[in-house]
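J.: Take this structure first; my questions come after.
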Amino acid sequence: MSNEPVKPRNSDAVSAKADSDRALPQAKTSTSEDVAAFVAKARALSPHAPGAKGRLIFALDATMSRQPTWDMACALQADMFREAAVLGSLDIRLVYYRGYDECRASGWISDSGRLATLMSKIDCRGGDTQIGKVLTEARREAVASGVRAVVFVGDAMEEKVDELCAKAGELGMLKVPVFLFQEGDDAVAEQAFREIARLTGGAWCRFDPGAAAQLRDLLRAAAAYAAGGREALLKLSKATSGAAKLIGQMK
């Protein structure tokens, strides 16, 4: 990864951290030809083919109010790897935003200890939501290396919902579901999250503030889908409520 911070070049760029995260390419507005090209390329990658390694983008709101949930997610992330290990293997790419126009992404991580170490070094900072950048990065990775699912954990949405829906629609064309786990009951966030889930063929679920057991079940379910697809999620739904909630919404 680069040893120098990279300054965002436009409103849809993702910054890079000096020593733990890597620079991401500048995003641009997609034409219809671009959309057709990346859909064709993503299908050619066949990320859902039998035996393919599961890849999951784990995106978190790291603004100031999120510190307790960040700490909880750090403690629970190992459960995603354990759930996936039953089915094969899983790589996770951590994406988070915080502060002023700061959104960062790790490389692909296949070890829960490494991910926990990375997360433990990150502190939450005040700022607006940057969900659009998360969706842009998910689309880029879906084309570049194949992504089976995106998990987003947050409690607010402060962006233009139509712009988010346009990005979500592109992920839906790539058949990359977004699982949005909302802490709390913000009505604006719920409306946006539900629509993103609908457009991508994913799911929206609410969990109570500080409810580790609820979030654990949801993360395990998302990991099962990323590692084993819909059949794995169906099987898990017989044992956990989190998986049942997801499969009940997915198209």
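In the structure tokens, the first chain shown is A, the next is B, and so on; residue numbers restart at 1 for each chain, and ligands run from 1 in the order shown.
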For range 166-243 of chain A versus range 128-138 of chain A, which residues have an atom no more than 10 Å away, and what is each residue's nearest atom pair and distance in Å rounded to one decimal, using only C-alpha atoms, chain-then-number order, as a tab-separated table?
T.:
residue	atom	partner	partner_atom	distance
A:Ala166	CA	A:Gly132	CA	9.6
A:Lys167	CA	A:Leu135	CA	6.2
A:Ala168	CA	A:Leu135	CA	6.8
A:Glu170	CA	A:Leu135	CA	9.2
A:Leu171	CA	A:Ala138	CA	7.7
A:Val176	CA	A:Ala138	CA	8.7
A:Val178	CA	A:Leu135	CA	9.0
A:Ile196	CA	A:Leu135	CA	9.8
J.: Could the residues in this selection be saved with C-alpha atoms as a PDB file, in the first residue's frame?
T.:
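out_23.pdb written:
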ATOM      1  CA  ALA A 166     -28.559   4.927  -9.156  1.00  0.00           C
ATOM      2  CA  LYS A 167     -25.394   3.359  -7.766  1.00  0.00           C
ATOM      3  CA  ALA A 168     -27.415   0.600  -6.101  1.00  0.00           C
ATOM      4  CA  GLU A 170     -25.724  -0.818 -11.007  1.00  0.00           C
ATOM      5  CA  LEU A 171     -24.861  -3.264  -8.228  1.00  0.00           C
ATOM      6  CA  VAL A 176     -24.267  -8.085  -5.901  1.00  0.00           C
ATOM      7  CA  VAL A 178     -26.281  -5.203  -0.349  1.00  0.00           C
ATOM      8  CA  ILE A 196     -30.914   0.167  -1.755  1.00  0.00           C
TER       9      ILE A 196
END
J.: Let's see if you can do this: from backbone DSSP, list all alpha helix (DSSP H) residues in range 143-215 of chain A, as a ChimeraX atom specification.
T.: /A:143-144,161-173,187-200,212-215
J.: Give me the residues of range 77-175 of chain A that have any atom at most 8 Å from an atom of range 188-194 of chain A; for each, the nearest atom pair and the distance in Å, rounded to one decimal. Use only C-alpha atoms, sort by chain and number, and format it as JSON lines.
T.:
{"residue": "A:Asp155", "atom": "CA", "partner": "A:Ala189", "partner_atom": "CA", "distance": 6.8}
{"residue": "A:Ala156", "atom": "CA", "partner": "A:Ala189", "partner_atom": "CA", "distance": 5.0}
{"residue": "A:Met157", "atom": "CA", "partner": "A:Ala189", "partner_atom": "CA", "distance": 4.9}
{"residue": "A:Val161", "atom": "CA", "partner": "A:Ala192", "partner_atom": "CA", "distance": 6.2}
J.: Identify, on the basis of only C-alpha atoms, every residue whose closest approach to Arg230 in chain A does not exceed 12 Å; exclude the query and any residue fewer than 3 positions from it along the same chain; express the result as a list in words.
T.: His48, Arg148, Ala149, Pro177, Gly201, Gly202, Ala221, Ala222, Ala223, Ala224, Tyr225, Ala226, Ala227, Leu233, Leu234, Lys235, Leu236, Ser237, Ala243, Ala244, Leu246, Ile247, Gly248, Met250 and Lys251 of chain A
J.: Please measure the separation of CA of Gly126 in chain A and CA of Val153 in chain A, giving the value in Å to one decimal.
T.: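 Rounded to one decimal, the two atoms are 16.3 Å apart.
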J.: Would you mind telling me which residue in A:Glu231, A:Asp71, A:Asp217, A:Asp91 lies nearest to Val150 in chain A when using only C-alpha atoms?
T.: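 Residue with the minimum atom-to-atom distance to Val150 in chain A: A:Asp91.
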J.: Under the rule that only C-alpha atoms are counted, which of A:Glu141, A:Glu183, A:Glu163, A:Glu158 is the nearest residue to Ala73 in chain A?
T.: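 So, comparing all the options, the nearest one is A:Glu183.
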J.: How far is it from CA of Arg140 in chain A to CA of Leu199 in chain A, in Å with one decimal?
T.: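 Distance reported for this atom pair: 17.3 Å.
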J.: Taking the DSSP secondary structure from the backbone, can you list the residues of range 7-250 of chain A that are strand (DSSP E), as JSON, numbers by chain?
T.: {"A": [54, 55, 56, 57, 58, 59, 60, 61, 90, 91, 92, 93, 94, 95, 96, 97, 98, 102, 103, 104, 105, 106, 107, 108, 109, 149, 150, 151, 152, 153, 154, 178, 179, 180, 181, 182, 183, 203, 204, 205, 206, 207]}
